[in-house]
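Pasting structure_20.txt here (compact mmCIF, C-alpha atoms):
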```
# COMPACT_ATOMS: atom_id res chain seq x y z
CA MET A 1 -28.41 43.81 4.93
CA LYS A 2 -30.47 40.84 6.04
CA ASN A 3 -31.17 39.91 2.41
CA LYS A 4 -27.51 40.07 1.54
CA LEU A 5 -26.74 37.77 4.43
CA VAL A 6 -29.32 35.21 3.29
CA THR A 7 -28.09 35.30 -0.32
CA GLU A 8 -24.50 34.92 0.78
CA ASN A 9 -25.33 31.84 2.84
CA ILE A 10 -27.37 30.24 0.05
CA ILE A 11 -24.50 30.76 -2.40
CA ARG A 12 -22.06 29.32 0.12
CA PHE A 13 -24.31 26.30 0.67
CA VAL A 14 -24.53 25.53 -3.05
CA LEU A 15 -20.81 26.09 -3.72
CA LEU A 16 -19.73 23.92 -0.78
CA LEU A 17 -22.11 21.12 -1.76
CA VAL A 18 -20.86 21.14 -5.37
CA LEU A 19 -17.25 21.23 -4.17
CA GLN A 20 -17.89 18.35 -1.76
CA VAL A 21 -19.73 16.05 -4.18
CA LEU A 22 -17.73 16.71 -7.33
CA ILE A 23 -14.20 17.11 -6.00
CA LEU A 24 -13.63 16.40 -2.32
CA ASN A 25 -15.50 13.08 -2.30
CA LYS A 26 -13.07 11.88 -4.98
CA ILE A 27 -10.01 12.70 -2.92
CA ASN A 28 -8.50 9.62 -1.32
CA LEU A 29 -5.15 10.32 0.30
CA PHE A 30 -3.50 7.05 1.37
CA GLY A 31 -6.70 5.21 0.58
CA TYR A 32 -8.89 6.56 3.34
CA LEU A 33 -8.46 10.29 3.90
CA HIS A 34 -10.91 12.77 2.52
CA PRO A 35 -11.91 16.21 3.78
CA ASN A 36 -15.57 16.99 4.56
CA ALA A 37 -15.39 20.73 3.99
CA TYR A 38 -19.17 21.19 3.71
CA ILE A 39 -19.25 21.53 7.52
CA LEU A 40 -17.85 25.05 6.90
CA PHE A 41 -21.41 26.09 6.02
CA ILE A 42 -22.58 25.31 9.56
CA LEU A 43 -19.44 26.85 11.07
CA LEU A 44 -19.91 30.17 9.25
CA LEU A 45 -23.62 30.79 9.97
CA PRO A 46 -23.98 34.15 11.78
CA PHE A 47 -23.87 34.24 15.59
CA GLU A 48 -27.49 35.32 15.97
CA THR A 49 -28.91 32.43 13.92
CA PRO A 50 -31.76 31.00 16.04
CA GLY A 51 -31.27 27.48 17.37
CA TRP A 52 -34.10 25.83 15.46
CA LEU A 53 -32.90 27.31 12.16
CA LEU A 54 -29.39 26.07 12.87
CA LEU A 55 -30.63 22.51 13.39
CA ILE A 56 -32.89 22.50 10.34
CA LEU A 57 -30.15 23.92 8.07
CA ALA A 58 -27.79 21.26 9.39
CA PHE A 59 -30.38 18.58 8.68
CA VAL A 60 -30.83 19.79 5.09
CA THR A 61 -27.05 20.01 4.57
CA GLY A 62 -26.43 16.51 5.90
CA LEU A 63 -29.28 15.06 3.88
CA SER A 64 -28.00 16.67 0.67
CA VAL A 65 -24.56 15.15 1.15
CA ASP A 66 -26.07 11.78 2.09
CA VAL A 67 -28.11 11.57 -1.09
CA PHE A 68 -24.87 11.53 -3.08
CA GLU A 69 -23.04 9.09 -0.79
CA GLY A 70 -25.33 6.07 -0.95
CA VAL A 71 -25.75 5.36 2.75
CA MET A 72 -28.55 7.57 4.02
CA GLY A 73 -28.25 9.17 7.44
CA ILE A 74 -24.54 9.19 8.30
CA HIS A 75 -23.84 12.81 7.34
CA THR A 76 -27.26 13.94 8.61
CA ILE A 77 -26.65 12.53 12.08
CA ALA A 78 -23.15 14.00 12.31
CA THR A 79 -24.07 17.44 10.94
CA VAL A 80 -27.16 17.89 13.14
CA PHE A 81 -24.99 16.98 16.12
CA ALA A 82 -22.37 19.52 15.04
CA ALA A 83 -25.07 22.22 14.84
CA PHE A 84 -26.38 21.18 18.25
CA ILE A 85 -23.03 21.63 20.00
CA ARG A 86 -22.18 24.84 18.12
CA PRO A 87 -23.76 27.30 20.61
CA TYR A 88 -22.08 25.51 23.53
CA VAL A 89 -18.71 25.53 21.80
CA ILE A 90 -19.03 29.24 21.02
CA ARG A 91 -19.84 29.91 24.68
CA ALA A 92 -16.94 27.73 25.82
CA VAL A 93 -14.38 29.31 23.49
CA GLY A 94 -15.54 32.68 24.82
CA ASN A 95 -14.84 36.39 24.22
CA GLU A 96 -18.58 37.08 23.98
CA PRO A 97 -18.46 40.93 24.07
CA GLU A 98 -16.27 41.10 20.98
CA TYR A 99 -19.04 39.88 18.64
CA GLY A 100 -20.39 42.83 16.64
CA THR A 101 -23.82 42.82 15.00
CA ASN A 102 -23.91 40.55 11.96
CA ALA A 103 -20.51 39.12 12.86
CA LYS A 104 -19.77 35.63 11.60
CA PRO A 105 -17.63 33.08 13.40
CA GLY A 106 -15.08 33.16 10.54
CA ILE A 107 -11.46 34.24 10.31
CA PHE A 108 -12.29 37.75 9.07
CA ASP A 109 -14.66 38.83 11.83
CA MET A 110 -12.88 36.92 14.59
CA LYS A 111 -9.23 36.17 15.23
CA LEU A 112 -7.65 33.25 13.38
CA SER A 113 -6.72 31.57 16.68
CA TRP A 114 -10.33 31.89 17.87
CA PHE A 115 -11.60 30.26 14.69
CA LEU A 116 -9.09 27.44 14.93
CA TYR A 117 -10.16 26.55 18.50
CA TYR A 118 -13.82 26.76 17.62
CA ALA A 119 -13.60 24.88 14.32
CA ALA A 120 -11.24 22.19 15.60
CA ILE A 121 -13.65 21.09 18.33
CA ILE A 122 -16.69 20.92 16.07
CA ILE A 123 -14.82 19.34 13.13
CA PHE A 124 -13.26 16.69 15.36
CA LEU A 125 -16.61 15.62 16.85
CA HIS A 126 -18.26 15.73 13.41
CA GLN A 127 -15.52 13.54 11.91
CA PHE A 128 -15.61 11.17 14.88
CA ILE A 129 -19.32 10.49 14.43
CA LEU A 130 -18.89 10.08 10.66
CA ASN A 131 -16.11 7.54 11.08
CA LEU A 132 -17.86 5.75 13.92
CA LEU A 133 -21.10 5.30 11.96
CA ASP A 134 -19.14 4.21 8.91
CA ALA A 135 -17.19 1.53 10.80
CA PHE A 136 -20.15 0.84 13.12
CA SER A 137 -18.03 -0.86 15.78
CA PHE A 138 -15.41 -0.03 18.40
CA LYS A 139 -13.39 -3.07 17.37
CA GLN A 140 -10.58 -1.10 15.77
CA PHE A 141 -10.86 1.91 18.02
CA PHE A 142 -7.35 3.25 17.51
CA LEU A 143 -7.61 3.00 13.74
CA LEU A 144 -10.89 4.90 14.06
CA LEU A 145 -9.28 7.57 16.23
CA TRP A 146 -6.29 7.88 13.91
CA ARG A 147 -8.53 8.34 10.88
CA THR A 148 -10.62 10.89 12.74
CA ILE A 149 -7.58 12.95 13.72
CA LEU A 150 -6.04 12.95 10.23
CA ASN A 151 -9.38 13.71 8.56
CA SER A 152 -10.05 16.52 11.05
CA ILE A 153 -6.70 18.16 10.36
CA LEU A 154 -7.29 17.93 6.61
CA THR A 155 -10.82 19.35 6.92
CA LEU A 156 -9.58 22.18 9.18
CA ILE A 157 -6.93 23.14 6.62
CA PHE A 158 -9.60 23.21 3.91
CA ALA A 159 -11.92 25.26 6.14
CA VAL A 160 -9.25 27.96 6.57
CA ILE A 161 -8.03 27.99 2.95
CA LEU A 162 -11.57 28.16 1.54
CA GLN A 163 -12.25 31.29 3.61
CA TYR A 164 -9.16 32.97 2.18
CA ILE A 165 -10.04 31.99 -1.39
CA PHE A 166 -13.66 33.15 -1.12
CA PRO A 167 -13.73 36.07 1.35
CA PRO A 168 -17.27 37.08 2.40
CA TYR A 169 -18.66 40.31 0.92
CA THR A 170 -20.54 41.23 4.09
CA LYS A 171 -17.56 42.00 6.27
CA LYS A 172 -18.02 43.63 9.65
CA LYS A 173 -15.97 46.72 8.84
CA MET B 1 -51.42 21.49 29.07
CA ASN B 2 -50.08 24.98 29.54
CA ASN B 3 -47.09 23.58 31.36
CA VAL B 4 -46.36 21.12 28.59
CA LEU B 5 -46.44 23.94 26.01
CA LYS B 6 -44.16 26.04 28.18
CA PHE B 7 -41.78 23.14 28.53
CA ILE B 8 -41.72 22.57 24.76
CA ILE B 9 -41.12 26.26 24.00
CA LYS B 10 -38.44 26.54 26.66
CA ASN B 11 -36.54 23.48 25.47
CA ASN B 12 -37.28 23.75 21.74
CA PHE B 13 -33.60 23.59 20.80
CA ILE B 14 -32.95 20.28 22.56
CA LEU B 15 -36.30 18.78 21.57
CA LEU B 16 -35.85 19.66 17.89
CA PHE B 17 -32.35 18.19 18.07
CA VAL B 18 -33.72 14.93 19.47
CA VAL B 19 -36.50 14.76 16.86
CA LEU B 20 -34.12 15.37 13.93
CA GLU B 21 -31.55 12.88 15.22
CA VAL B 22 -34.15 10.16 15.75
CA PHE B 23 -35.38 10.73 12.21
CA ALA B 24 -31.83 10.58 10.82
CA LEU B 25 -30.99 7.48 12.86
CA SER B 26 -34.06 5.64 11.61
CA MET B 27 -33.03 6.58 8.08
CA PHE B 28 -29.52 5.27 8.75
CA PHE B 29 -30.68 1.94 10.14
CA SER B 30 -33.23 1.31 7.43
CA SER B 31 -30.82 2.14 4.60
CA ASN B 32 -28.03 0.09 6.15
CA ASN B 33 -29.93 -2.90 4.93
CA TYR B 34 -29.21 -2.81 1.23
CA GLN B 35 -32.21 -4.86 0.26
CA ASN B 36 -34.28 -1.93 1.44
CA THR B 37 -35.47 -0.60 -1.86
CA LYS B 38 -37.18 2.55 -0.60
CA ALA B 39 -33.96 4.34 0.32
CA MET B 40 -32.28 2.79 -2.70
CA ARG B 41 -34.95 4.04 -5.06
CA PHE B 42 -34.67 7.57 -3.72
CA HIS B 43 -30.91 7.43 -4.01
CA ASN B 44 -31.24 6.04 -7.53
CA ARG B 45 -33.55 8.71 -8.74
CA VAL B 46 -31.47 11.62 -7.53
CA ALA B 47 -27.87 10.46 -7.32
CA ALA B 48 -27.57 7.75 -9.95
CA ASP B 49 -28.76 10.05 -12.68
CA PHE B 50 -26.38 12.74 -11.50
CA TYR B 51 -23.40 10.39 -11.30
CA LYS B 52 -24.19 9.07 -14.77
CA ARG B 53 -23.72 12.56 -16.14
CA VAL B 54 -20.54 13.11 -14.14
CA SER B 55 -19.04 9.79 -15.17
CA THR B 56 -19.50 10.53 -18.87
CA VAL B 57 -17.20 13.51 -18.37
CA GLU B 58 -14.80 11.67 -16.10
CA SER B 59 -14.46 8.68 -18.39
CA PHE B 60 -12.72 10.91 -20.93
CA PHE B 61 -9.73 11.28 -18.62
CA ASN B 62 -9.46 7.52 -18.32
CA LEU B 63 -9.88 6.64 -21.99
CA LYS B 64 -6.26 5.86 -22.72
CA ASN B 65 -5.89 3.52 -19.78
CA GLU B 66 -9.18 1.78 -20.43
CA ASN B 67 -8.29 1.37 -24.07
CA ASN B 68 -5.00 -0.33 -23.25
CA LEU B 69 -6.73 -2.71 -20.84
CA LEU B 70 -9.37 -3.65 -23.37
CA ARG B 71 -6.78 -4.14 -26.10
CA ALA B 72 -4.78 -6.46 -23.86
CA GLU B 73 -7.94 -8.39 -23.09
CA ASN B 74 -8.87 -8.59 -26.77
CA ALA B 75 -5.45 -9.98 -27.57
CA GLU B 76 -5.95 -12.61 -24.89
CA LEU B 77 -9.32 -13.55 -26.37
CA TYR B 78 -8.03 -13.65 -29.97
CA LYS B 79 -5.56 -16.24 -28.76
CA LYS B 80 -8.46 -18.47 -27.76
CA LEU B 81 -10.32 -18.20 -31.07
CA LYS B 82 -10.51 -21.33 -33.13
CA SER B 83 -8.96 -19.49 -36.05
CA SER B 84 -5.79 -18.85 -34.08
CA GLN B 85 -5.36 -22.48 -33.08
CA TYR B 86 -3.84 -25.27 -35.05
CA ILE B 87 -6.34 -28.00 -35.80
CA CYS B 88 -4.74 -31.39 -35.11
CA ASP B 89 -7.80 -33.56 -35.46
CA THR B 90 -11.21 -32.54 -36.67
CA ALA B 91 -12.86 -35.29 -34.69
CA GLU B 92 -11.64 -33.76 -31.45
CA TYR B 93 -13.47 -30.54 -32.16
CA SER B 94 -16.77 -32.19 -32.86
CA ILE B 95 -16.43 -33.87 -29.48
CA THR B 96 -15.59 -30.67 -27.61
CA ASP B 97 -18.57 -28.95 -29.21
CA THR B 98 -20.99 -31.38 -27.61
CA LEU B 99 -19.00 -31.68 -24.41
CA TYR B 100 -19.08 -27.98 -23.61
CA LYS B 101 -22.23 -26.08 -22.90
CA GLN B 102 -22.47 -22.38 -22.27
CA GLN B 103 -22.69 -21.75 -18.52
CA TYR B 104 -21.76 -18.08 -18.15
CA THR B 105 -22.70 -15.06 -20.22
CA TYR B 106 -21.11 -11.64 -19.84
CA VAL B 107 -22.77 -8.22 -19.87
CA PRO B 108 -20.45 -5.22 -20.22
CA ALA B 109 -21.21 -2.35 -17.83
CA THR B 110 -19.73 0.98 -16.78
CA VAL B 111 -19.00 2.15 -13.24
CA ILE B 112 -20.92 5.32 -12.41
CA TYR B 113 -20.14 5.53 -8.69
CA ASN B 114 -17.35 3.97 -6.67
CA SER B 115 -15.88 4.45 -3.22
CA ILE B 116 -12.82 2.93 -1.56
CA ASP B 117 -12.40 4.88 1.67
CA LYS B 118 -15.21 3.46 3.78
CA HIS B 119 -15.51 0.27 5.81
CA ASN B 120 -18.21 -0.99 3.51
CA ASN B 121 -17.70 0.12 -0.06
CA PHE B 122 -20.18 -0.14 -2.89
CA ILE B 123 -20.06 0.40 -6.64
CA MET B 124 -22.91 1.48 -8.86
CA LEU B 125 -23.21 0.25 -12.47
CA ASN B 126 -25.28 1.48 -15.40
CA LYS B 127 -27.09 -1.82 -16.00
CA GLY B 128 -30.27 -2.97 -14.25
CA LYS B 129 -33.45 -5.03 -14.50
CA ASN B 130 -33.99 -3.87 -18.08
CA ASP B 131 -30.71 -5.58 -19.03
CA ASN B 132 -31.69 -8.81 -17.20
CA ILE B 133 -29.36 -8.11 -14.29
CA GLU B 134 -30.35 -9.94 -11.12
CA LYS B 135 -29.22 -10.06 -7.52
CA ASP B 136 -26.18 -12.27 -6.74
CA MET B 137 -24.52 -11.90 -10.13
CA ALA B 138 -20.73 -11.60 -10.08
CA VAL B 139 -18.88 -8.53 -11.36
CA ILE B 140 -15.34 -8.70 -12.77
CA SER B 141 -13.00 -6.26 -14.47
CA PRO B 142 -10.34 -7.20 -17.04
CA LEU B 143 -7.87 -7.42 -14.12
CA GLY B 144 -9.89 -9.62 -11.77
CA ALA B 145 -12.85 -10.03 -9.41
CA VAL B 146 -14.68 -6.84 -8.38
CA GLY B 147 -17.80 -7.76 -6.42
CA ILE B 148 -21.33 -9.06 -6.38
CA VAL B 149 -24.69 -7.45 -7.25
CA VAL B 150 -26.75 -6.81 -4.11
CA SER B 151 -29.57 -4.61 -5.33
CA VAL B 152 -31.11 -3.89 -8.74
CA SER B 153 -33.32 -1.07 -9.97
CA ASP B 154 -34.69 -0.57 -13.48
CA ASN B 155 -31.58 0.96 -15.00
CA PHE B 156 -28.86 0.62 -12.37
CA CYS B 157 -27.47 -1.91 -9.96
CA LEU B 158 -25.59 -1.68 -6.69
CA VAL B 159 -22.52 -3.89 -6.30
CA MET B 160 -20.91 -4.87 -2.99
CA SER B 161 -17.22 -4.67 -3.84
CA LEU B 162 -14.42 -6.82 -2.43
CA LEU B 163 -13.58 -3.75 -0.35
CA ASN B 164 -16.45 -4.48 2.02
CA THR B 165 -15.91 -5.89 5.49
CA SER B 166 -18.91 -8.20 5.14
CA PHE B 167 -17.77 -9.70 1.82
CA ARG B 168 -16.41 -13.28 1.71
CA LEU B 169 -15.19 -14.89 -1.50
CA SER B 170 -14.22 -18.53 -1.84
CA CYS B 171 -10.77 -18.61 -3.44
CA LYS B 172 -7.90 -21.00 -4.03
CA LEU B 173 -4.16 -20.88 -4.47
CA LEU B 174 -3.51 -21.45 -8.15
CA ASN B 175 -0.56 -23.83 -7.79
CA SER B 176 -1.78 -26.02 -4.93
CA ASP B 177 -5.57 -25.83 -5.46
CA GLU B 178 -6.06 -25.25 -1.73
CA ILE B 179 -9.29 -23.50 -0.80
CA GLY B 180 -9.40 -20.38 1.36
CA SER B 181 -11.56 -17.37 1.87
CA VAL B 182 -10.74 -13.80 0.85
CA SER B 183 -12.01 -10.91 2.94
CA TRP B 184 -11.13 -7.28 3.66
CA ASP B 185 -10.14 -5.76 6.99
CA GLY B 186 -11.24 -2.21 6.14
CA LYS B 187 -7.76 -0.74 6.12
CA HIS B 188 -6.15 -0.29 2.73
CA TYR B 189 -7.80 -0.60 -0.67
CA LYS B 190 -4.88 -2.49 -2.19
CA LYS B 191 -4.53 -5.17 0.50
CA GLY B 192 -6.85 -8.04 1.41
CA LEU B 193 -6.74 -11.16 3.57
CA LEU B 194 -6.77 -14.83 2.57
CA THR B 195 -7.81 -16.93 5.58
CA ASP B 196 -8.40 -20.60 6.43
CA ILE B 197 -5.46 -22.10 4.56
CA PRO B 198 -4.49 -25.34 6.41
CA PHE B 199 -1.01 -25.65 7.96
CA HIS B 200 0.26 -28.46 5.75
CA VAL B 201 -0.11 -26.38 2.60
CA GLU B 202 3.00 -24.80 1.21
CA ILE B 203 2.48 -21.09 0.56
CA ASN B 204 5.01 -18.93 -1.24
CA VAL B 205 5.18 -15.18 -1.45
CA GLY B 206 3.95 -14.21 -4.90
CA ASP B 207 1.51 -17.14 -5.25
CA THR B 208 -1.53 -16.33 -7.35
CA VAL B 209 -4.97 -16.36 -5.70
CA VAL B 210 -7.94 -17.06 -7.98
CA THR B 211 -11.64 -17.74 -7.41
CA SER B 212 -12.43 -21.36 -6.61
CA GLY B 213 -15.70 -21.64 -8.52
CA TYR B 214 -17.38 -22.90 -5.34
CA SER B 215 -19.63 -19.87 -5.17
CA TYR B 216 -22.57 -19.93 -7.54
CA SER B 217 -21.77 -16.49 -8.91
CA PHE B 218 -18.08 -16.50 -9.80
CA PRO B 219 -16.67 -18.83 -12.46
CA LYS B 220 -13.51 -20.74 -11.60
CA GLY B 221 -10.10 -19.13 -12.06
CA ILE B 222 -10.86 -15.40 -11.98
CA MET B 223 -7.79 -13.54 -10.72
CA VAL B 224 -8.08 -12.00 -7.24
CA GLY B 225 -4.53 -11.16 -6.17
CA THR B 226 -1.08 -12.35 -5.19
CA VAL B 227 0.24 -13.39 -1.77
CA ARG B 228 2.37 -10.69 -0.17
CA ASP B 229 3.20 -12.41 3.12
CA TYR B 230 1.66 -15.01 5.45
CA SER B 231 1.53 -15.89 9.13
CA SER B 232 -0.39 -18.03 11.60
CA THR B 233 -2.09 -17.09 14.83
CA ASP B 234 -0.99 -19.24 17.78
CA ASN B 235 -4.01 -21.31 18.58
CA SER B 236 -5.39 -21.99 15.13
CA HIS B 237 -4.37 -24.55 12.56
CA PHE B 238 -4.71 -22.20 9.65
CA TYR B 239 -2.55 -19.67 7.87
CA THR B 240 -3.67 -16.13 7.24
CA ALA B 241 -2.09 -14.57 4.17
CA LYS B 242 -2.00 -10.92 3.21
CA ILE B 243 -2.69 -10.45 -0.49
CA ASP B 244 -2.28 -7.61 -2.97
CA TYR B 245 -5.42 -7.23 -5.04
CA SER B 246 -4.85 -7.49 -8.77
CA VAL B 247 -7.59 -4.93 -9.45
CA ASN B 248 -6.83 -1.30 -8.67
CA TYR B 249 -10.18 -0.43 -7.09
CA SER B 250 -9.51 3.29 -7.13
CA SER B 251 -9.71 3.36 -10.93
CA ILE B 252 -12.21 0.86 -12.26
CA GLY B 253 -14.18 1.96 -15.30
CA SER B 254 -15.39 -0.89 -17.51
CA VAL B 255 -16.55 -4.13 -15.91
CA TYR B 256 -18.48 -7.27 -16.87
CA ILE B 257 -21.49 -8.64 -15.04
CA ILE B 258 -21.50 -12.43 -15.15
CA ASN B 259 -24.76 -14.30 -15.56
CA ASN B 260 -24.61 -17.93 -14.44
CA LEU B 261 -27.19 -19.69 -16.65
CA MET B 262 -27.32 -22.71 -14.35
CA ILE B 263 -27.72 -20.85 -11.06
CA LYS B 264 -31.37 -21.92 -10.58
CA GLU B 265 -30.34 -25.54 -10.89
CA LEU B 266 -27.50 -25.10 -8.37
CA GLN B 267 -29.70 -23.27 -5.89
CA LYS B 268 -32.32 -26.01 -6.12
CA LEU B 269 -29.70 -28.64 -5.27
CA ASP B 270 -28.42 -26.42 -2.49
CA SER B 271 -31.85 -26.20 -0.87
CA ILE B 272 -32.10 -30.01 -1.02
CA LYS B 273 -28.70 -30.19 0.68
CA ASN B 274 -29.94 -27.90 3.44
CA THR B 275 -33.02 -30.04 4.07
CA LEU B 276 -30.79 -33.12 4.29
CA ILE B 277 -28.56 -31.46 6.88
CA ASN B 278 -31.55 -30.48 8.98
```
Produce structure tokens that represent the structure in this file.
Amino acid sequence: MKNKLVTENIIRFVLLLVLQVLILNKINLFGYLHPNAYILFILLLPFETPGWLLLILAFVTGLSVDVFEGVMGIHTIATVFAAFIRPYVIRAVGNEPEYGTNAKPGIFDMKLSWFLYYAAIIIFLHQFILNLLDAFSFKQFFLLLWRTILNSILTLIFAVILQYIFPPYTKKK
Amino acid sequence: MNNVLKFIIKNNFILLFVVLEVFALSMFFSSNNYQNTKAMRFHNRVAADFYKRVSTVESFFNLKNENNLLRAENAELYKKLKSSQYICDTAEYSITDTLYKQQYTYVPATVIYNSIDKHNNFIMLNKGKNDNIEKDMAVISPLGAVGIVVSVSDNFCLVMSLLNTSFRLSCKLLNSDEIGSVSWDGKHYKKGLLTDIPFHVEINVGDTVVTSGYSYSFPKGIMVGTVRDYSSTDNSHFYTAKIDYSVNYSSIGSVYIINNLMIKELQKLDSIKNTLIN
């Protein structure tokens, strides 16, 4: 069971990275919109993942994306932060007793509405840091905010659709 | 000591977070400086090689378009050949031969990585030190100015494109020869800004903007864009014009890197100028 879980996450990591680098990084809606769906890997790690592992996996994920983007550090900073707030967001969104063993915070183990709340918060903060570091100033704050909101919505849509296209094979039931 | 260990174990999540973020931040700040070759070299080794493979596949989808562009450019160049001109006076040609000296040479290159959605966009090309590419060389496409080389490795070079908020290019209006400066505001990849045009100059919508030749890298008269609309802020004596770039930055494939053979000479004079000012 444990082995299956590890394999599943490694496959997801590789697939999401390939998808991000080869396809999603080439998408440019209206010149500046592109989804960062690789964050789904951090979102879908099992509930009982220890904190240190969460942070280190986030660091590796961010670094891998950064290597292909040219500017080192931006995705690493944002992804590690996303992993850091994840436990707090899960606690804040609530319904603790419903988690079964080996449950994942995805749309199959949890309710869709639960996932949307949970993912929206993390994706928004992740996107905000990405856009802030990219612009590196508050000069055009509303442009920054507007980009963050549109990019977050796009990423959230991808995060839901990708789960439907590739359903996990370690379901709770 | 025991207490310190207890503290570390108790707060390991937050402490590890801080350590990783500090590490990532230091990486970010050191690679933000593009002359930093350490980060660049790492990026080159892993990503450049990868993108080279990807771009060989991708270039197939663009072949038709690229072909048309190159054919149009060839036609333009054929027009300038001696064989396609009528010789009025042989003496004139012997004069022009000694009057003109080669100042710029062109190296064809292929784009292997390009972005347009960031505040500071960069392009990577498949030519480097081994092809005598150096820092500060200009890059153009058949449609107009593209950017300037900021960092070179053995086989690749990194180009700061016009779509970069810290890029300034000295330009002029083609019909009035008035000098201005083209920059980008970070918003849309098809629209740039032409600033510092004095009030007395007559600007028309649709005017052509070309490079002025005042920078050491770009030759004179390379197309940059056309004026879309212009305005003036209240307390300045200059116009700011919005321009449409002539190059479609979202689909550049083949470019030329321009080598200015007299750049050393110009830079030497420039340093003398600076000592005179001080």
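The smallest atom-to-atom distance between Val22 in chain B and any of A:Ala37, A:Asn25, A:Arg12, A:Phe59, using only C-alpha atoms, is found for A:Phe59.
The spacing separating CA of Leu22 in chain A from CA of Phe115 in chain A amounts to 26.6 Å.
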Exercise. Got a sec: who's within 8 Å of range 71-87 of chain A, counting only C-alpha atoms, leaving out chain neighbours fewer than 5 positions off, as a ChimeraX atom specification?
Worked result: /A:39,42-43,54-56,58-63,65-66,122-123,125-127,129-130,133-134 /B:14,17,20-21,24-28,31-32,39
Proximity check chain B to chain A, 10 Å, nearest pairs one decimal Å, all atoms listed in the file, as a Markdown table:
```
| residue | atom | partner | partner_atom | distance |
| --- | --- | --- | --- | --- |
| B:Asn12 | CA | A:Trp52 | CA | 7.3 |
| B:Phe13 | CA | A:Gly51 | CA | 5.7 |
| B:Ile14 | CA | A:Phe84 | CA | 7.9 |
| B:Leu15 | CA | A:Trp52 | CA | 9.6 |
| B:Leu16 | CA | A:Trp52 | CA | 6.9 |
| B:Phe17 | CA | A:Leu55 | CA | 6.6 |
| B:Val18 | CA | A:Phe81 | CA | 9.6 |
| B:Leu20 | CA | A:Phe59 | CA | 7.2 |
| B:Glu21 | CA | A:Ile77 | CA | 5.8 |
| B:Val22 | CA | A:Ile77 | CA | 8.7 |
| B:Phe23 | CA | A:Gly73 | CA | 8.7 |
| B:Ala24 | CA | A:Gly73 | CA | 5.1 |
| B:Leu25 | CA | A:Gly73 | CA | 6.3 |
| B:Ser26 | CA | A:Gly73 | CA | 8.0 |
| B:Met27 | CA | A:Gly73 | CA | 5.5 |
| B:Phe28 | CA | A:Gly73 | CA | 4.3 |
| B:Phe29 | CA | A:Gly73 | CA | 8.1 |
| B:Ser30 | CA | A:Met72 | CA | 8.5 |
| B:Ser31 | CA | A:Met72 | CA | 5.9 |
| B:Asn32 | CA | A:Val71 | CA | 6.7 |
| B:Asn33 | CA | A:Val71 | CA | 9.5 |
| B:Tyr34 | CA | A:Val71 | CA | 9.0 |
| B:Ala39 | CA | A:Met72 | CA | 7.3 |
| B:Met40 | CA | A:Gly70 | CA | 7.9 |
| B:Phe42 | CA | A:Val67 | CA | 8.1 |
| B:His43 | CA | A:Val67 | CA | 5.8 |
| B:Asn44 | CA | A:Gly70 | CA | 8.8 |
| B:Arg45 | CA | A:Val67 | CA | 9.8 |
| B:Val46 | CA | A:Val67 | CA | 7.3 |
| B:Ala47 | CA | A:Phe68 | CA | 5.3 |
| B:Ala48 | CA | A:Phe68 | CA | 8.3 |
| B:Phe50 | CA | A:Phe68 | CA | 8.6 |
| B:Tyr51 | CA | A:Phe68 | CA | 8.4 |
| B:Val54 | CA | A:Leu22 | CA | 8.2 |
| B:Tyr113 | CA | A:Glu69 | CA | 9.1 |
| B:Asn114 | CA | A:Lys26 | CA | 9.2 |
| B:Ser115 | CA | A:Lys26 | CA | 8.1 |
| B:Ile116 | CA | A:Gly31 | CA | 6.9 |
| B:Asp117 | CA | A:Tyr32 | CA | 4.2 |
| B:Lys118 | CA | A:Asp134 | CA | 6.5 |
| B:His119 | CA | A:Ala135 | CA | 5.4 |
| B:Asn120 | CA | A:Asp134 | CA | 7.6 |
| B:Asn121 | CA | A:Gly70 | CA | 9.7 |
| B:Phe122 | CA | A:Gly70 | CA | 8.3 |
| B:Ile123 | CA | A:Gly70 | CA | 9.6 |
| B:Met124 | CA | A:Gly70 | CA | 9.5 |
| B:Leu158 | CA | A:Gly70 | CA | 9.6 |
| B:Thr165 | CA | A:Ala135 | CA | 9.2 |
| B:Asp185 | CA | A:Gln140 | CA | 9.9 |
| B:Gly186 | CA | A:Ala135 | CA | 8.4 |
| B:Lys187 | CA | A:Tyr32 | CA | 7.9 |
| B:His188 | CA | A:Gly31 | CA | 5.9 |
| B:Tyr189 | CA | A:Gly31 | CA | 6.0 |
| B:Lys190 | CA | A:Gly31 | CA | 8.4 |
| B:Ser250 | CA | A:Gly31 | CA | 8.4 |
```
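Using all atoms listed in the file, the contacts of Phe41 in chain A at a cut-off of 8 Å, with sequence neighbours closer than 6 positions omitted, comprise Asn9, Arg12, Phe13 and Leu16 of chain A.
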Problem set entry | Residue nearest Tyr164 in chain A - candidates A:Ile107, A:Leu40, A:Leu150, A:Ile121, atoms counted: only C-alpha atoms | A:Ile107
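The space separating CA of Leu77 in chain B from CA of Tyr106 in chain B comes to 13.6 Å.
Rounded to one decimal, CA of Ser166 in chain B and CA of Val150 in chain B lie 12.2 Å from each other.
Within 9 Å of the point (-20.2, 33.4, 10.1), and counting all atoms listed in the file, the protein, DNA and RNA residues are Phe41, Ile42, Leu43, Leu44, Leu45, Pro46, Phe47, Asn102, Ala103, Lys104, Pro105, Gly106, Ile107 and Asp109 of chain A.
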Problem set entry | Close residues, range 133-141 of chain B itself excluded, 7 Å, only C-alpha atoms, min 2 positions apart in chain, as a list of chain:residue names | B:Lys127, B:Gly128, B:Lys129, B:Asp131, B:Leu143, B:Gly144, B:Ala145, B:Val146, B:Gly147, B:Ile148, B:Val149, B:Val150, B:Ser151, B:Val152, B:Ser217, B:Phe218, B:Ser254, B:Val255, B:Tyr256, B:Ile257, B:Ile258, B:Asn259
